[in-house]
Amino acid sequence: MRPLTEDETKVIFEKLTKYIGNNVLHLIDRSDETYYFRLHNDKVYYVSDSMLRQAVSIGRDQLASLGVCFGKFTKSKKFKLHITALDYLAQYAKYKLWIKPNGEGSFLYGNHILKAHLGRITEDTPEHQGVIIYSMSDIPLGFGVTARSMVEIRKLKPTDIVAFHQADIGEYLREQDTLF
C-alpha cells in the first residue's frame with residue numbers, strides 16, 4: 001500500500017469532481033478524523049488515519065483490502081469508480097436523479113435510464129454530467145452520466161435514454177467475485 005502519485009491523484013479527483021463537484025474537499029478535510037487515498041494492487045482505498053496506522057504492521061502480500069474501495073486503475077491508467085464509493089458520493093452529490101419504482105429493476109440489472117422511468121432530476125443538470133441515481137424513497141441505487149441536458153430531457157420521447165448506467169448496487173450480486 002502506497003500513497004498516490006500526483007498524476008494518480010489528479011485523475012481520481014477529476015473523476016470524483018464529475019459526480020460531487022467541489023465537495024471533493026469534504027472527503028479530505030473532515031472534522032472527525034484525517035482520511036487518505038491509498039493505492040494497493042491498482043485499487044484506490046479511502047482510509048482513516050487510525051486504520052492506516054494499524055495496517056502498517058500487515059505485509060503487502062497478506063493485506064487484501066483496507067478501508068473503502070473507491071475504484072481501480074485500468075491497465076491504460078484510467079480510473080473506474082466502484083459501487084462501493086456510492087455512500088460517499090451520495091452524501092456530497094451535486095446532481096441527483098430519481099427513478100420511478102417501475103424503472104428500479106431495469107437500472108439494477110445494468111440498463112440505462114429511460115425517460116419513462118425518470119421520477120425527477122436536479123434542476124439545471126447539464127449534459128454528460130455525473131449524477132447519483134436514487135429511488136423515489138431517497139435510497140441511493142447507483143450512479144451514471146446524463147445523456148442530455150435538463151432542457152432537452154423535457155422534450156424527449158418516453159423510450160429515449162436520459163442517463164447512461166455506470167454502476168449500481170446490483171453489482172454486488174452480479175460481480176461479487178471480481179469486485180473485492
# chains A, B, ... in the order shown; residues from 1 in each chain; ligands from 1
>>> residues_around(residues="Ser135 (chain A)", least_positions_apart="5", cutoff="8 Å", atoms="only C-alpha atoms", output="list in words")
Trp98, Ile99, Lys100, Pro101, Glu104, Pro140 and Leu141 of chain A
>>> residues_around(residues="Ser65 (chain A)", least_positions_apart="5", cutoff="12 Å", atoms="only C-alpha atoms", output="list in words")
Met1, Arg38, Leu39, His40, Asn41, Asp42, Lys43, Val44, Tyr45, Tyr46, Val47, Met51, Leu52, Ala55, Ile58, Gly59, Arg60, Phe70, Leu179 and Phe180 of chain A
>>> select_by_dssp(residues="region 53-169 of chain A", states="helix (DSSP H, G or I)", output="number ranges by chain")
A: 53-55, 83-91, 101-108, 115-117, 150-153
>>> residues_around(residues="Lys157 (chain A)", least_positions_apart="4", cutoff="10 Å", atoms="only C-alpha atoms", output="number ranges by chain")
A: 114-116, 153, 161-162
>>> write_last_selection(atoms="C-alpha atoms", output="compact mmCIF listing (two decimals), in the first residue's frame")
# COMPACT_ATOMS: atom_id res chain seq x y z
CA LEU A 114 -35.26 5.87 -19.94
CA LYS A 115 -37.44 8.98 -19.86
CA ALA A 116 -40.42 6.80 -18.86
CA ILE A 153 -34.89 15.85 -21.36
CA ILE A 161 -32.28 7.40 -22.80
CA VAL A 162 -31.97 10.04 -20.08
>>> residues_around(residues="Thr34 (chain A)", least_positions_apart="3", cutoff="8 Å", atoms="only C-alpha atoms", output="list in words")
Ile28, Asp29, Arg30, Ser31, Ser48 and Asp49 of chain A
>>> write_last_selection(atoms="N, CA, C and O atoms", output="short mmCIF file (atom, residue, chain, number, x, y, z; two decimals), in the first residue's frame")
data_model
loop_
_atom_site.label_atom_id
_atom_site.label_comp_id
_atom_site.auth_asym_id
_atom_site.auth_seq_id
_atom_site.Cartn_x
_atom_site.Cartn_y
_atom_site.Cartn_z
N ILE A 28 -11.57 15.01 2.02
CA ILE A 28 -10.23 15.15 2.58
C ILE A 28 -10.23 15.90 3.90
O ILE A 28 -9.65 15.45 4.89
N ASP A 29 -10.88 17.05 3.93
CA ASP A 29 -10.92 17.90 5.13
C ASP A 29 -12.14 17.56 5.98
O ASP A 29 -13.16 18.23 5.93
N ARG A 30 -12.00 16.52 6.76
CA ARG A 30 -13.09 16.09 7.62
C ARG A 30 -12.80 16.51 9.05
O ARG A 30 -11.66 16.56 9.48
N SER A 31 -13.86 16.78 9.79
CA SER A 31 -13.69 17.24 11.17
C SER A 31 -13.47 16.08 12.14
O SER A 31 -12.84 16.27 13.19
N SER A 48 -9.03 5.81 6.89
CA SER A 48 -8.84 6.72 8.02
C SER A 48 -7.40 6.60 8.53
O SER A 48 -6.73 5.59 8.33
N ASP A 49 -6.96 7.63 9.21
CA ASP A 49 -5.59 7.67 9.72
C ASP A 49 -5.35 6.56 10.74
O ASP A 49 -4.31 5.89 10.71
#
>>> closest_residue(among="A:Ile121, A:Lys75, A:Glu33, A:Val131", to="Val151 (chain A)", atoms="only C-alpha atoms")
A:Ile121
>>> closest_residue(among="A:Val145, A:Ile169, A:Val68, A:Val24", to="Gly130 (chain A)", atoms="only C-alpha atoms")
A:Val145
>>> atom_distance(atom1="CA of Gly71 (chain A)", atom2="CA of Ala85 (chain A)")
7.4 Å
>>> atom_distance(atom1="CA of Phe143 (chain A)", atom2="CA of His26 (chain A)")
19.1 Å
>>> closest_residue(among="A:Arg53, A:Lys80, A:His165, A:Lys18", to="Pro126 (chain A)", atoms="only C-alpha atoms")
A:Lys18
>>> atom_distance(atom1="CA of Asp138 (chain A)", atom2="CA of Gly105 (chain A)")
15.5 Å
>>> residues_around(residues="Gly170 (chain A)", least_positions_apart="6", cutoff="8 Å", atoms="only C-alpha atoms", output="ChimeraX atom specification")
/A:108-110
>>> select_by_dssp(residues="region 12-78 of chain A", states="strand (DSSP E)", output="ChimeraX atom specification")
/A:35-40,43-48,68-73
>>> closest_residue(among="A:Phe79, A:Phe164, A:Tyr134, A:Tyr95", to="Phe13 (chain A)", atoms="only C-alpha atoms")
A:Phe79
>>> closest_residue(among="A:Met136, A:Ala147, A:Leu81, A:Leu25", to="Ile12 (chain A)", atoms="only C-alpha atoms")
A:Leu81
>>> decode(residues="region 29-45 of chain A", atoms="all heavy atoms", output="PDB file, in the first residue's frame")
ATOM      1  N   ASP A  29     -10.884  17.046   3.931  1.00  0.00           N
ATOM      2  CA  ASP A  29     -10.922  17.898   5.129  1.00  0.00           C
ATOM      3  C   ASP A  29     -12.136  17.555   5.977  1.00  0.00           C
ATOM      4  O   ASP A  29     -13.162  18.227   5.931  1.00  0.00           O
ATOM      5  CB  ASP A  29     -10.970  19.380   4.736  1.00  0.00           C
ATOM      6  CG  ASP A  29      -9.755  19.807   3.947  1.00  0.00           C
ATOM      7  OD1 ASP A  29      -8.689  19.214   4.168  1.00  0.00           O
ATOM      8  OD2 ASP A  29      -9.870  20.727   3.122  1.00  0.00           O
ATOM      9  N   ARG A  30     -12.004  16.518   6.759  1.00  0.00           N
ATOM     10  CA  ARG A  30     -13.090  16.085   7.624  1.00  0.00           C
ATOM     11  C   ARG A  30     -12.803  16.511   9.052  1.00  0.00           C
ATOM     12  O   ARG A  30     -11.657  16.558   9.477  1.00  0.00           O
ATOM     13  CB  ARG A  30     -13.260  14.573   7.551  1.00  0.00           C
ATOM     14  CG  ARG A  30     -13.768  14.120   6.189  1.00  0.00           C
ATOM     15  CD  ARG A  30     -13.889  12.661   6.078  1.00  0.00           C
ATOM     16  NE  ARG A  30     -14.691  12.064   7.150  1.00  0.00           N
ATOM     17  CZ  ARG A  30     -15.358  10.940   7.022  1.00  0.00           C
ATOM     18  NH1 ARG A  30     -15.332  10.286   5.899  1.00  0.00           N
ATOM     19  NH2 ARG A  30     -16.038  10.453   8.025  1.00  0.00           N
ATOM     20  N   SER A  31     -13.858  16.783   9.794  1.00  0.00           N
ATOM     21  CA  SER A  31     -13.690  17.239  11.171  1.00  0.00           C
ATOM     22  C   SER A  31     -13.467  16.085  12.144  1.00  0.00           C
ATOM     23  O   SER A  31     -12.845  16.272  13.192  1.00  0.00           O
ATOM     24  CB  SER A  31     -14.913  18.049  11.605  1.00  0.00           C
ATOM     25  OG  SER A  31     -16.073  17.253  11.500  1.00  0.00           O
ATOM     26  N   ASP A  32     -13.940  14.894  11.816  1.00  0.00           N
ATOM     27  CA  ASP A  32     -13.837  13.771  12.743  1.00  0.00           C
ATOM     28  C   ASP A  32     -12.454  13.127  12.754  1.00  0.00           C
ATOM     29  O   ASP A  32     -11.919  12.807  13.804  1.00  0.00           O
ATOM     30  CB  ASP A  32     -14.909  12.715  12.460  1.00  0.00           C
ATOM     31  CG  ASP A  32     -14.886  12.205  11.024  1.00  0.00           C
ATOM     32  OD1 ASP A  32     -14.241  12.839  10.177  1.00  0.00           O
ATOM     33  OD2 ASP A  32     -15.523  11.171  10.760  1.00  0.00           O
ATOM     34  N   GLU A  33     -11.846  12.933  11.608  1.00  0.00           N
ATOM     35  CA  GLU A  33     -10.549  12.271  11.520  1.00  0.00           C
ATOM     36  C   GLU A  33      -9.939  12.546  10.146  1.00  0.00           C
ATOM     37  O   GLU A  33     -10.638  12.880   9.205  1.00  0.00           O
ATOM     38  CB  GLU A  33     -10.732  10.755  11.717  1.00  0.00           C
ATOM     39  CG  GLU A  33      -9.440  10.016  11.942  1.00  0.00           C
ATOM     40  CD  GLU A  33      -9.664   8.540  12.276  1.00  0.00           C
ATOM     41  OE1 GLU A  33     -10.809   8.091  12.358  1.00  0.00           O
ATOM     42  OE2 GLU A  33      -8.656   7.845  12.440  1.00  0.00           O
ATOM     43  N   THR A  34      -8.647  12.373  10.043  1.00  0.00           N
ATOM     44  CA  THR A  34      -7.975  12.564   8.764  1.00  0.00           C
ATOM     45  C   THR A  34      -8.129  11.301   7.919  1.00  0.00           C
ATOM     46  O   THR A  34      -7.945  10.194   8.413  1.00  0.00           O
ATOM     47  CB  THR A  34      -6.474  12.843   8.976  1.00  0.00           C
ATOM     48  OG1 THR A  34      -6.339  13.931   9.879  1.00  0.00           O
ATOM     49  CG2 THR A  34      -5.798  13.194   7.674  1.00  0.00           C
ATOM     50  N   TYR A  35      -8.462  11.498   6.646  1.00  0.00           N
ATOM     51  CA  TYR A  35      -8.621  10.386   5.717  1.00  0.00           C
ATOM     52  C   TYR A  35      -7.655  10.545   4.551  1.00  0.00           C
ATOM     53  O   TYR A  35      -7.326  11.659   4.165  1.00  0.00           O
ATOM     54  CB  TYR A  35     -10.055  10.307   5.187  1.00  0.00           C
ATOM     55  CG  TYR A  35     -11.005   9.614   6.135  1.00  0.00           C
ATOM     56  CD1 TYR A  35     -11.460  10.249   7.281  1.00  0.00           C
ATOM     57  CD2 TYR A  35     -11.434   8.321   5.898  1.00  0.00           C
ATOM     58  CE1 TYR A  35     -12.324   9.613   8.149  1.00  0.00           C
ATOM     59  CE2 TYR A  35     -12.299   7.681   6.752  1.00  0.00           C
ATOM     60  CZ  TYR A  35     -12.740   8.334   7.881  1.00  0.00           C
ATOM     61  OH  TYR A  35     -13.594   7.689   8.742  1.00  0.00           O
ATOM     62  N   TYR A  36      -7.239   9.403   3.998  1.00  0.00           N
ATOM     63  CA  TYR A  36      -6.284   9.399   2.895  1.00  0.00           C
ATOM     64  C   TYR A  36      -6.779   8.478   1.785  1.00  0.00           C
ATOM     65  O   TYR A  36      -7.554   7.561   2.022  1.00  0.00           O
ATOM     66  CB  TYR A  36      -4.911   8.872   3.362  1.00  0.00           C
ATOM     67  CG  TYR A  36      -4.313   9.629   4.505  1.00  0.00           C
ATOM     68  CD1 TYR A  36      -4.390   9.137   5.801  1.00  0.00           C
ATOM     69  CD2 TYR A  36      -3.644  10.825   4.289  1.00  0.00           C
ATOM     70  CE1 TYR A  36      -3.828   9.825   6.859  1.00  0.00           C
ATOM     71  CE2 TYR A  36      -3.074  11.516   5.336  1.00  0.00           C
ATOM     72  CZ  TYR A  36      -3.163  11.013   6.620  1.00  0.00           C
ATOM     73  OH  TYR A  36      -2.610  11.706   7.664  1.00  0.00           O
ATOM     74  N   PHE A  37      -6.271   8.735   0.588  1.00  0.00           N
ATOM     75  CA  PHE A  37      -6.453   7.802  -0.519  1.00  0.00           C
ATOM     76  C   PHE A  37      -5.147   7.030  -0.655  1.00  0.00           C
ATOM     77  O   PHE A  37      -4.068   7.611  -0.729  1.00  0.00           O
ATOM     78  CB  PHE A  37      -6.766   8.551  -1.824  1.00  0.00           C
ATOM     79  CG  PHE A  37      -8.155   9.100  -1.879  1.00  0.00           C
ATOM     80  CD1 PHE A  37      -8.397  10.435  -1.649  1.00  0.00           C
ATOM     81  CD2 PHE A  37      -9.226   8.262  -2.167  1.00  0.00           C
ATOM     82  CE1 PHE A  37      -9.684  10.945  -1.702  1.00  0.00           C
ATOM     83  CE2 PHE A  37     -10.518   8.759  -2.221  1.00  0.00           C
ATOM     84  CZ  PHE A  37     -10.747  10.096  -1.984  1.00  0.00           C
ATOM     85  N   ARG A  38      -5.248   5.704  -0.701  1.00  0.00           N
ATOM     86  CA  ARG A  38      -4.070   4.851  -0.832  1.00  0.00           C
ATOM     87  C   ARG A  38      -4.280   3.849  -1.960  1.00  0.00           C
ATOM     88  O   ARG A  38      -5.401   3.401  -2.216  1.00  0.00           O
ATOM     89  CB  ARG A  38      -3.788   4.088   0.464  1.00  0.00           C
ATOM     90  CG  ARG A  38      -3.320   4.965   1.604  1.00  0.00           C
ATOM     91  CD  ARG A  38      -1.932   5.493   1.307  1.00  0.00           C
ATOM     92  NE  ARG A  38      -1.350   6.213   2.400  1.00  0.00           N
ATOM     93  CZ  ARG A  38      -1.230   7.525   2.462  1.00  0.00           C
ATOM     94  NH1 ARG A  38      -1.687   8.266   1.492  1.00  0.00           N
ATOM     95  NH2 ARG A  38      -0.657   8.114   3.479  1.00  0.00           N
ATOM     96  N   LEU A  39      -3.192   3.466  -2.611  1.00  0.00           N
ATOM     97  CA  LEU A  39      -3.237   2.527  -3.727  1.00  0.00           C
ATOM     98  C   LEU A  39      -2.680   1.181  -3.286  1.00  0.00           C
ATOM     99  O   LEU A  39      -1.605   1.109  -2.681  1.00  0.00           O
ATOM    100  CB  LEU A  39      -2.411   3.074  -4.894  1.00  0.00           C
ATOM    101  CG  LEU A  39      -2.490   2.286  -6.195  1.00  0.00           C
ATOM    102  CD1 LEU A  39      -3.847   2.507  -6.840  1.00  0.00           C
ATOM    103  CD2 LEU A  39      -1.403   2.736  -7.141  1.00  0.00           C
ATOM    104  N   HIS A  40      -3.428   0.118  -3.604  1.00  0.00           N
ATOM    105  CA  HIS A  40      -2.983  -1.241  -3.297  1.00  0.00           C
ATOM    106  C   HIS A  40      -3.511  -2.157  -4.396  1.00  0.00           C
ATOM    107  O   HIS A  40      -4.731  -2.262  -4.590  1.00  0.00           O
ATOM    108  CB  HIS A  40      -3.501  -1.673  -1.928  1.00  0.00           C
ATOM    109  CG  HIS A  40      -3.060  -3.037  -1.511  1.00  0.00           C
ATOM    110  ND1 HIS A  40      -1.743  -3.342  -1.247  1.00  0.00           N
ATOM    111  CD2 HIS A  40      -3.755  -4.178  -1.308  1.00  0.00           C
ATOM    112  CE1 HIS A  40      -1.663  -4.619  -0.909  1.00  0.00           C
ATOM    113  NE2 HIS A  40      -2.877  -5.149  -0.936  1.00  0.00           N
ATOM    114  N   ASN A  41      -2.624  -2.803  -5.129  1.00  0.00           N
ATOM    115  CA  ASN A  41      -2.987  -3.700  -6.235  1.00  0.00           C
ATOM    116  C   ASN A  41      -3.898  -3.001  -7.250  1.00  0.00           C
ATOM    117  O   ASN A  41      -4.934  -3.536  -7.647  1.00  0.00           O
ATOM    118  CB  ASN A  41      -3.669  -4.967  -5.708  1.00  0.00           C
ATOM    119  CG  ASN A  41      -2.748  -5.804  -4.876  1.00  0.00           C
ATOM    120  OD1 ASN A  41      -1.528  -5.727  -4.994  1.00  0.00           O
ATOM    121  ND2 ASN A  41      -3.325  -6.606  -3.990  1.00  0.00           N
ATOM    122  N   ASP A  42      -3.542  -1.815  -7.650  1.00  0.00           N
ATOM    123  CA  ASP A  42      -4.278  -0.992  -8.629  1.00  0.00           C
ATOM    124  C   ASP A  42      -5.646  -0.549  -8.145  1.00  0.00           C
ATOM    125  O   ASP A  42      -6.429   0.006  -8.911  1.00  0.00           O
ATOM    126  CB  ASP A  42      -4.419  -1.700  -9.975  1.00  0.00           C
ATOM    127  CG  ASP A  42      -3.111  -1.758 -10.737  1.00  0.00           C
ATOM    128  OD1 ASP A  42      -2.276  -0.858 -10.544  1.00  0.00           O
ATOM    129  OD2 ASP A  42      -2.928  -2.696 -11.532  1.00  0.00           O
ATOM    130  N   LYS A  43      -5.996  -0.790  -6.907  1.00  0.00           N
ATOM    131  CA  LYS A  43      -7.261  -0.325  -6.350  1.00  0.00           C
ATOM    132  C   LYS A  43      -6.988   0.839  -5.400  1.00  0.00           C
ATOM    133  O   LYS A  43      -6.006   0.840  -4.673  1.00  0.00           O
ATOM    134  CB  LYS A  43      -7.981  -1.444  -5.605  1.00  0.00           C
ATOM    135  CG  LYS A  43      -8.469  -2.528  -6.536  1.00  0.00           C
ATOM    136  CD  LYS A  43      -9.283  -3.545  -5.813  1.00  0.00           C
ATOM    137  CE  LYS A  43      -9.753  -4.604  -6.793  1.00  0.00           C
ATOM    138  NZ  LYS A  43     -10.549  -5.623  -6.137  1.00  0.00           N
ATOM    139  N   VAL A  44      -7.884   1.807  -5.418  1.00  0.00           N
ATOM    140  CA  VAL A  44      -7.736   3.001  -4.583  1.00  0.00           C
ATOM    141  C   VAL A  44      -8.677   2.872  -3.395  1.00  0.00           C
ATOM    142  O   VAL A  44      -9.882   2.655  -3.561  1.00  0.00           O
ATOM    143  CB  VAL A  44      -8.065   4.274  -5.393  1.00  0.00           C
ATOM    144  CG1 VAL A  44      -7.994   5.493  -4.503  1.00  0.00           C
ATOM    145  CG2 VAL A  44      -7.113   4.414  -6.560  1.00  0.00           C
ATOM    146  N   TYR A  45      -8.109   3.003  -2.202  1.00  0.00           N
ATOM    147  CA  TYR A  45      -8.862   2.876  -0.961  1.00  0.00           C
ATOM    148  C   TYR A  45      -8.916   4.211  -0.233  1.00  0.00           C
ATOM    149  O   TYR A  45      -7.951   4.975  -0.246  1.00  0.00           O
ATOM    150  CB  TYR A  45      -8.229   1.824  -0.049  1.00  0.00           C
ATOM    151  CG  TYR A  45      -8.313   0.429  -0.610  1.00  0.00           C
ATOM    152  CD1 TYR A  45      -7.278  -0.104  -1.364  1.00  0.00           C
ATOM    153  CD2 TYR A  45      -9.442  -0.347  -0.408  1.00  0.00           C
ATOM    154  CE1 TYR A  45      -7.363  -1.378  -1.894  1.00  0.00           C
ATOM    155  CE2 TYR A  45      -9.540  -1.626  -0.931  1.00  0.00           C
ATOM    156  CZ  TYR A  45      -8.497  -2.129  -1.667  1.00  0.00           C
ATOM    157  OH  TYR A  45      -8.582  -3.390  -2.199  1.00  0.00           O
TER     158      TYR A  45
END
